[in-house]
>>> print(open('model.tsv').read())   # TSV, C-alpha atoms
chain	number	residue	atom	x	y	z
A	1	MET	CA	56.83	144.12	110.02
A	2	ALA	CA	60.09	142.24	109.44
A	3	GLU	CA	60.00	138.49	110.07
A	4	PRO	CA	62.44	138.52	113.06
A	5	GLU	CA	60.39	141.29	114.69
A	6	LEU	CA	57.18	139.35	114.08
A	7	GLU	CA	58.67	136.17	115.56
A	8	ARG	CA	59.80	138.05	118.64
A	9	LYS	CA	56.38	139.67	119.02
A	10	ILE	CA	54.80	136.21	118.95
A	11	TRP	CA	57.03	134.62	121.58
A	12	MET	CA	56.85	137.68	123.85
A	13	GLY	CA	53.05	137.42	123.67
A	14	VAL	CA	53.19	133.72	124.51
A	15	LEU	CA	55.43	134.38	127.52
A	16	ALA	CA	53.26	137.26	128.74
A	17	LYS	CA	49.99	135.28	128.57
A	18	ALA	CA	51.31	132.00	129.97
A	19	PRO	CA	50.40	131.06	133.57
A	20	LEU	CA	53.38	131.68	135.84
A	21	GLU	CA	53.36	128.14	137.26
A	22	LEU	CA	53.43	126.60	133.78
A	23	LEU	CA	56.17	128.97	132.62
A	24	GLU	CA	58.34	128.09	135.61
A	25	HIS	CA	57.70	124.37	135.08
A	26	GLN	CA	58.61	124.42	131.39
A	27	LEU	CA	61.71	126.52	132.00
A	28	GLU	CA	62.83	124.12	134.73
A	29	GLN	CA	62.31	121.19	132.35
A	30	ALA	CA	64.33	122.93	129.64
A	31	ILE	CA	67.22	124.33	131.69
A	32	ALA	CA	68.11	123.37	135.24
A	33	VAL	CA	68.55	126.32	137.58
A	34	GLU	CA	72.25	125.60	138.12
A	35	SER	CA	72.84	125.44	134.35
A	36	ARG	CA	71.12	128.69	133.42
A	37	PRO	CA	73.16	131.64	132.20
A	38	THR	CA	73.27	134.44	134.72
A	39	TYR	CA	71.96	137.91	134.05
A	40	THR	CA	71.83	141.37	135.51
A	41	PHE	CA	68.88	143.74	135.77
A	42	LEU	CA	68.92	146.79	133.55
A	43	ARG	CA	65.48	147.63	134.89
A	44	SER	CA	64.22	145.73	137.91
A	45	PRO	CA	60.61	144.51	137.78
A	46	GLU	CA	58.25	147.42	138.35
A	47	THR	CA	54.49	147.76	138.24
A	48	GLY	CA	52.56	150.58	136.65
A	49	LEU	CA	49.50	151.48	134.59
A	50	THR	CA	48.95	151.61	130.86
A	51	MET	CA	46.01	152.85	128.85
A	52	VAL	CA	44.12	150.22	126.87
A	53	ARG	CA	42.57	151.45	123.64
A	54	GLY	CA	39.86	149.88	121.53
A	55	ARG	CA	37.89	150.35	118.31
A	56	ALA	CA	34.13	150.10	117.96
A	57	GLY	CA	33.45	147.02	115.90
A	58	GLY	CA	37.17	146.61	115.38
A	59	THR	CA	37.15	149.18	112.58
A	60	GLY	CA	35.93	152.43	114.15
A	61	GLN	CA	37.87	155.30	115.62
A	62	PRO	CA	40.14	154.30	118.53
A	63	PHE	CA	39.00	155.28	122.00
A	64	ASN	CA	40.41	154.92	125.52
A	65	LEU	CA	38.84	151.84	127.05
A	66	GLY	CA	40.51	152.15	130.44
A	67	GLU	CA	43.72	151.60	132.38
A	68	MET	CA	45.20	148.23	133.30
A	69	THR	CA	48.05	147.18	135.57
A	70	ILE	CA	51.21	145.84	133.93
A	71	THR	CA	54.64	144.84	135.19
A	72	ARG	CA	57.79	145.20	133.13
A	73	CYS	CA	61.38	144.03	133.48
A	74	VAL	CA	64.59	144.35	131.43
A	75	ILE	CA	67.59	142.04	131.87
A	76	GLN	CA	70.94	141.51	130.17
A	77	LEU	CA	72.64	138.15	129.89
A	78	LYS	CA	76.07	137.64	131.43
A	79	ALA	CA	76.64	134.38	129.54
A	80	GLU	CA	79.21	133.88	126.79
A	81	GLY	CA	78.31	136.00	123.82
A	82	ALA	CA	76.79	138.74	125.94
A	83	LEU	CA	78.82	141.06	128.17
A	84	LYS	CA	77.28	142.98	130.99
A	85	ALA	CA	77.96	146.68	131.38
A	86	GLU	CA	80.80	146.32	133.87
A	87	GLY	CA	82.47	143.74	131.64
A	88	GLU	CA	82.40	146.19	128.78
A	89	LEU	CA	84.01	148.83	130.97
A	90	LYS	CA	86.78	146.42	131.94
A	91	ALA	CA	87.33	145.46	128.31
A	92	GLU	CA	87.46	149.12	127.34
A	93	GLY	CA	89.99	149.73	130.13
A	94	ARG	CA	92.18	146.89	128.88
A	95	ARG	CA	91.91	148.20	125.34
A	96	GLN	CA	92.95	151.70	126.38
A	97	LYS	CA	95.81	150.30	128.45
A	98	ALA	CA	97.05	148.26	125.48
A	99	GLU	CA	96.83	151.27	123.17
A	100	GLY	CA	98.70	153.39	125.73
A	101	ALA	CA	101.45	150.78	125.96
A	102	LEU	CA	101.80	150.75	122.18
A	103	LYS	CA	102.05	154.53	122.04
A	104	ALA	CA	104.66	154.55	124.81
A	105	GLU	CA	106.64	151.86	122.98
A	106	GLY	CA	106.46	153.91	119.79
A	107	ARG	CA	107.77	157.02	121.54
A	108	ARG	CA	110.59	155.04	123.14
A	109	GLN	CA	111.55	153.49	119.82
A	110	LYS	CA	111.54	156.88	118.12
A	111	ALA	CA	113.77	158.33	120.85
A	112	GLU	CA	116.25	155.45	120.51
A	113	ASP	CA	116.37	155.83	116.74
A	114	THR	CA	117.05	159.56	117.07
A	115	LEU	CA	119.79	158.91	119.62
A	116	LEU	CA	121.50	156.31	117.42
A	117	GLN	CA	121.35	158.56	114.37
A	118	THR	CA	122.93	161.40	116.36
A	119	PHE	CA	125.85	159.45	117.85
A	120	LYS	CA	126.44	156.65	115.33
A	121	PRO	CA	130.08	156.17	114.17
A	122	PRO	CA	130.91	156.71	110.48
A	123	ASN	CA	129.86	153.93	108.11
A	124	LEU	CA	127.99	152.20	110.94
A	125	GLN	CA	124.58	151.07	109.87
A	126	THR	CA	121.98	151.09	112.53
A	127	SER	CA	119.11	148.74	112.79
A	128	LYS	CA	115.91	149.45	114.58
A	129	LEU	CA	115.21	147.60	117.74
A	130	PRO	CA	112.52	144.98	117.30
A	131	HIS	CA	109.07	146.17	118.23
A	132	SER	CA	107.03	144.30	120.76
A	133	PRO	CA	104.21	142.34	119.15
A	134	THR	CA	100.90	144.13	119.14
A	135	PRO	CA	98.66	142.64	121.83
A	136	PRO	CA	95.26	141.59	120.51
A	137	LEU	CA	92.46	143.87	121.52
A	138	PRO	CA	89.67	142.19	123.48
A	139	HIS	CA	86.58	141.33	121.49
A	140	SER	CA	83.31	142.72	122.81
A	141	PRO	CA	80.24	140.84	121.51
A	142	THR	CA	76.94	142.65	121.41
A	143	PRO	CA	75.09	142.25	124.73
A	144	ILE	CA	71.76	140.43	124.62
A	145	THR	CA	68.89	142.25	126.31
A	146	GLY	CA	65.55	140.68	127.21
A	147	PHE	CA	62.26	142.48	127.84
A	148	GLY	CA	59.24	141.25	129.74
A	149	TYR	CA	55.79	142.89	129.87
A	150	VAL	CA	52.98	141.05	131.66
A	151	ALA	CA	49.50	141.93	132.85
A	152	GLY	CA	49.12	142.22	136.60
A	153	ARG	CA	51.61	142.65	139.42
A	154	SER	CA	53.77	139.52	139.23
A	155	HIS	CA	57.41	140.59	139.34
A	156	ARG	CA	58.54	136.98	138.97
A	157	HIS	CA	56.50	136.53	135.80
A	158	ALA	CA	57.96	139.67	134.23
A	159	GLU	CA	61.49	138.56	135.17
A	160	LEU	CA	61.10	135.09	133.65
A	161	ALA	CA	59.49	136.53	130.52
A	162	ALA	CA	62.45	138.88	130.07
A	163	PHE	CA	64.90	136.03	130.72
A	164	CYS	CA	63.27	133.79	128.11
A	165	ASP	CA	63.15	136.67	125.63
A	166	ALA	CA	66.92	137.06	126.00
A	167	LEU	CA	67.50	133.30	125.65
A	168	MET	CA	65.45	133.26	122.45
A	169	GLN	CA	67.89	135.79	120.99
A	170	HIS	CA	70.94	133.72	122.00
A	171	PRO	CA	72.10	131.26	119.30
A	172	ASP	CA	73.09	128.61	121.86
A	173	TRP	CA	69.77	128.62	123.74
A	174	ARG	CA	67.12	129.49	121.16
A	175	VAL	CA	66.43	125.96	119.89
A	176	ILE	CA	66.06	124.55	123.42
A	177	VAL	CA	63.80	127.33	124.66
A	178	GLN	CA	61.70	127.27	121.49
A	179	ALA	CA	61.13	123.51	121.68
A	180	GLN	CA	60.74	123.08	125.44
A	181	VAL	CA	59.23	126.38	126.57
A	182	ILE	CA	57.56	128.38	123.79
A	183	GLU	CA	55.94	125.52	121.87
A	184	PRO	CA	54.51	123.77	124.97
A	185	LEU	CA	53.11	127.10	126.15
A	186	GLN	CA	51.52	127.67	122.74
A	187	ALA	CA	50.00	124.18	122.83
A	188	ALA	CA	48.63	124.75	126.33
A	189	ALA	CA	47.11	128.08	125.27
A	190	ALA	CA	45.49	126.47	122.21
A	191	GLU	CA	44.04	123.69	124.37
A	192	GLN	CA	42.67	126.24	126.83
A	193	ARG	CA	41.00	128.18	124.02
A	194	SER	CA	39.51	124.97	122.65
A	195	THR	CA	38.13	124.03	126.07
A	196	GLU	CA	36.59	127.46	126.58
A	197	ALA	CA	35.07	127.39	123.09
A	198	ALA	CA	33.51	123.98	123.81
A	199	GLU	CA	32.02	125.26	127.07
A	200	VAL	CA	30.53	128.27	125.32
A	201	GLU	CA	29.16	126.10	122.51
A	202	SER	CA	27.37	123.84	124.98
A	203	THR	CA	25.40	126.79	126.37
A	204	ARG	CA	24.59	128.46	123.06
A	205	VAL	CA	20.95	129.45	122.57
A	206	ASN	CA	19.61	130.06	119.07
A	207	PHE	CA	16.81	132.60	118.76
A	208	PHE	CA	14.42	132.46	115.82
A	209	THR	CA	12.15	135.31	114.83
A	210	MET	CA	8.84	134.60	113.19
A	211	LEU	CA	7.20	137.13	110.95
A	212	ARG	CA	3.80	138.39	112.00
A	213	GLY	CA	1.08	136.31	110.51
A	214	GLU	CA	3.16	133.18	110.20
A	215	SER	CA	1.81	130.06	111.76
A	216	GLY	CA	3.54	126.95	112.87
>>> encode(input="model.tsv", output="structure tokens")
Amino acid sequence: MAEPELERKIWMGVLAKAPLELLEHQLEQAIAVESRPTYTFLRSPETGLTMVRGRAGGTGQPFNLGEMTITRCVIQLKAEGALKAEGELKAEGRRQKAEGALKAEGRRQKAEDTLLQTFKPPNLQTSKLPHSPTPPLPHSPTPITGFGYVAGRSHRHAELAAFCDALMQHPDWRVIVQAQVIEPLQAAAAEQRSTEAAEVESTRVNFFTMLRGESG
């Protein structure tokens, strides 16, 4: 797996497993609500079922373990550097309009040149009329799309996970989100695992088997 794909897989997993309250808190600390880039839904949050598969001992043949509930969401940033679908349509319309104007200007210029060549007096040199400058075509950056897949039925969790996934792909937001959202969530998850491991360790029972005939 390529490194960018692996990095994205890691942060999407962190976002999916994080508690919703902690995710909202860290995102609020990183980016105030009024300062966040806006986005549009390509796929509104929806809940469904997926089949979970397992392997006996981690190495055996895969088998269907059972179904679980998941919620998914897909968003697209409207911020600078990412155009939404309707913005692309408007840009395409402006581009076509500009190209049409250039073609019309070319036809008009050609007609004027033909007319001057037909009726020009002897020894009269004609000069072409100056062309209008070519208007620059609008630039359309690649839209940034974020995906969120979370266990359970929380539409809000899936939406925020998709939003953070999109921000992590944006060059202006990635450093902030990585430092103030992803890394704190990773630290909290590591602390939770450590706490659970300590609780399990405190209740561990060691069983010893004595061979028949052995005496204390």
>>> atom_distance(input="model.tsv", atom1="atom CA of Asp165 of chain A", atom2="atom CA of Leu49 of chain A")
22.0 Å
>>> residues_around(input="model.tsv", residues="Ala161 of chain A", least_positions_apart="6", cutoff="9 Å", atoms="all atoms listed in the file", output="list in words")
Met12, Leu15, Ala16, Leu23, Cys73, Gly146, Phe147, Gly148, Tyr149 and Val150 of chain A
>>> atom_distance(input="model.tsv", atom1="atom CA of Thr50 of chain A", atom2="atom CA of Ser154 of chain A")
15.5 Å
>>> atom_distance(input="model.tsv", atom1="atom CA of Val181 of chain A", atom2="atom CA of Leu27 of chain A")
6.0 Å
>>> closest_residue(input="model.tsv", among="A:Phe63, A:Arg204, A:Thr38, A:Pro19", to="Leu167 of chain A", atoms="all atoms listed in the file")
A:Thr38
>>> closest_residue(input="model.tsv", among="A:Thr40, A:Thr145, A:Ser194, A:Gln26", to="Gln178 of chain A", atoms="only C-alpha atoms")
A:Gln26
>>> residues_near_point(input="model.tsv", point="(70.0, 146.2, 136.0)", cutoff="9 Å", atoms="only C-alpha atoms", output="list in words")
Tyr39, Thr40, Phe41, Leu42, Arg43, Ser44, Val74, Ile75 and Gln76 of chain A
>>> write_last_selection(input="model.tsv", atoms="C-alpha atoms", output="mmCIF file, in the frame of the given file")
data_model
loop_
_atom_site.group_PDB
_atom_site.id
_atom_site.type_symbol
_atom_site.label_atom_id
_atom_site.label_comp_id
_atom_site.auth_asym_id
_atom_site.auth_seq_id
_atom_site.Cartn_x
_atom_site.Cartn_y
_atom_site.Cartn_z
ATOM 1 C CA TYR A 39 71.960 137.910 134.050
ATOM 2 C CA THR A 40 71.830 141.370 135.510
ATOM 3 C CA PHE A 41 68.880 143.740 135.770
ATOM 4 C CA LEU A 42 68.920 146.790 133.550
ATOM 5 C CA ARG A 43 65.480 147.630 134.890
ATOM 6 C CA SER A 44 64.220 145.730 137.910
ATOM 7 C CA VAL A 74 64.590 144.350 131.430
ATOM 8 C CA ILE A 75 67.590 142.040 131.870
ATOM 9 C CA GLN A 76 70.940 141.510 130.170
#
>>> closest_residue(input="model.tsv", among="A:Ala30, A:Ile144, A:Gly152, A:Gly13", to="Glu67 of chain A", atoms="all atoms listed in the file")
A:Gly152
>>> residues_around(input="model.tsv", residues="Ile176 of chain A", least_positions_apart="5", cutoff="12 Å", atoms="only C-alpha atoms", output="count of residues only")
17
>>> decode(input="model.tsv", residues="segment 53-68 of chain A", atoms="all heavy atoms", output="short mmCIF file (atom, residue, chain, number, x, y, z; two decimals), in the first residue's frame")
data_model
loop_
_atom_site.label_atom_id
_atom_site.label_comp_id
_atom_site.auth_asym_id
_atom_site.auth_seq_id
_atom_site.Cartn_x
_atom_site.Cartn_y
_atom_site.Cartn_z
N ARG A 53 -16.13 -10.15 8.66
CA ARG A 53 -15.51 -11.45 8.42
C ARG A 53 -14.34 -11.65 9.37
O ARG A 53 -13.72 -10.70 9.83
CB ARG A 53 -15.04 -11.56 6.96
CG ARG A 53 -16.10 -11.19 5.93
CD ARG A 53 -15.74 -11.71 4.56
NE ARG A 53 -15.94 -13.16 4.48
CZ ARG A 53 -15.49 -13.91 3.47
NH1 ARG A 53 -14.79 -13.35 2.49
NH2 ARG A 53 -15.72 -15.20 3.45
N GLY A 54 -14.05 -12.90 9.66
CA GLY A 54 -12.95 -13.22 10.55
C GLY A 54 -12.18 -14.42 10.04
O GLY A 54 -12.56 -15.06 9.05
N ARG A 55 -11.06 -14.72 10.73
CA ARG A 55 -10.25 -15.90 10.41
C ARG A 55 -9.97 -16.66 11.71
O ARG A 55 -9.60 -16.05 12.71
CB ARG A 55 -8.92 -15.50 9.76
CG ARG A 55 -9.04 -14.93 8.36
CD ARG A 55 -7.67 -14.51 7.85
NE ARG A 55 -7.73 -13.91 6.52
CZ ARG A 55 -7.63 -14.60 5.39
NH1 ARG A 55 -7.45 -15.92 5.44
NH2 ARG A 55 -7.70 -14.00 4.23
N ALA A 56 -10.13 -17.94 11.69
CA ALA A 56 -9.85 -18.75 12.87
C ALA A 56 -8.37 -18.68 13.19
O ALA A 56 -7.52 -19.01 12.36
CB ALA A 56 -10.27 -20.20 12.62
N GLY A 57 -8.06 -18.21 14.39
CA GLY A 57 -6.67 -18.08 14.78
C GLY A 57 -5.93 -16.98 14.06
O GLY A 57 -4.72 -16.85 14.20
N GLY A 58 -6.64 -16.20 13.27
CA GLY A 58 -6.00 -15.12 12.53
C GLY A 58 -5.32 -15.57 11.26
O GLY A 58 -4.84 -14.75 10.48
N THR A 59 -5.27 -16.87 11.01
CA THR A 59 -4.57 -17.38 9.83
C THR A 59 -5.42 -18.35 9.02
O THR A 59 -5.02 -18.75 7.92
CB THR A 59 -3.28 -18.11 10.24
OG1 THR A 59 -3.61 -19.17 11.15
CG2 THR A 59 -2.31 -17.14 10.92
N GLY A 60 -6.57 -18.76 9.54
CA GLY A 60 -7.39 -19.75 8.85
C GLY A 60 -8.19 -19.14 7.71
O GLY A 60 -8.02 -17.98 7.32
N GLN A 61 -9.09 -19.95 7.17
CA GLN A 61 -9.94 -19.49 6.09
C GLN A 61 -10.93 -18.44 6.61
O GLN A 61 -11.46 -18.57 7.72
CB GLN A 61 -10.72 -20.67 5.50
CG GLN A 61 -9.85 -21.64 4.72
CD GLN A 61 -9.25 -21.01 3.48
OE1 GLN A 61 -9.89 -20.19 2.82
NE2 GLN A 61 -8.02 -21.38 3.16
N PRO A 62 -11.18 -17.38 5.84
CA PRO A 62 -12.13 -16.36 6.30
C PRO A 62 -13.55 -16.92 6.36
O PRO A 62 -13.93 -17.77 5.57
CB PRO A 62 -12.01 -15.26 5.24
CG PRO A 62 -11.47 -15.94 4.03
CD PRO A 62 -10.59 -17.05 4.52
N PHE A 63 -14.30 -16.43 7.33
CA PHE A 63 -15.69 -16.85 7.47
C PHE A 63 -16.52 -15.62 7.87
O PHE A 63 -15.98 -14.63 8.38
CB PHE A 63 -15.83 -17.95 8.53
CG PHE A 63 -15.43 -17.51 9.91
CD1 PHE A 63 -16.36 -17.00 10.80
CD2 PHE A 63 -14.10 -17.59 10.32
CE1 PHE A 63 -16.00 -16.60 12.08
CE2 PHE A 63 -13.73 -17.19 11.59
CZ PHE A 63 -14.67 -16.69 12.47
N ASN A 64 -17.81 -15.68 7.62
CA ASN A 64 -18.71 -14.58 7.97
C ASN A 64 -19.03 -14.65 9.46
O ASN A 64 -19.69 -15.58 9.93
CB ASN A 64 -20.00 -14.66 7.15
CG ASN A 64 -19.75 -14.41 5.67
OD1 ASN A 64 -18.78 -13.75 5.30
ND2 ASN A 64 -20.62 -14.93 4.83
N LEU A 65 -18.57 -13.64 10.19
CA LEU A 65 -18.78 -13.61 11.63
C LEU A 65 -20.18 -13.10 11.97
O LEU A 65 -20.82 -13.58 12.89
CB LEU A 65 -17.73 -12.72 12.29
CG LEU A 65 -17.78 -12.59 13.80
CD1 LEU A 65 -17.55 -13.95 14.45
CD2 LEU A 65 -16.74 -11.58 14.30
N GLY A 66 -20.65 -12.12 11.22
CA GLY A 66 -21.97 -11.56 11.47
C GLY A 66 -22.06 -10.15 10.91
O GLY A 66 -21.08 -9.58 10.43
N GLU A 67 -23.25 -9.58 10.95
CA GLU A 67 -23.47 -8.23 10.44
C GLU A 67 -23.36 -7.21 11.57
O GLU A 67 -23.66 -7.50 12.72
CB GLU A 67 -24.84 -8.12 9.78
CG GLU A 67 -24.97 -8.92 8.49
CD GLU A 67 -26.33 -8.73 7.84
OE1 GLU A 67 -27.31 -8.56 8.60
OE2 GLU A 67 -26.41 -8.76 6.61
N MET A 68 -22.90 -6.01 11.20
CA MET A 68 -22.85 -4.90 12.15
C MET A 68 -23.40 -3.64 11.49
O MET A 68 -23.42 -3.52 10.26
CB MET A 68 -21.42 -4.65 12.63
CG MET A 68 -20.48 -4.12 11.57
SD MET A 68 -18.86 -3.63 12.23
CE MET A 68 -19.31 -2.16 13.16
#
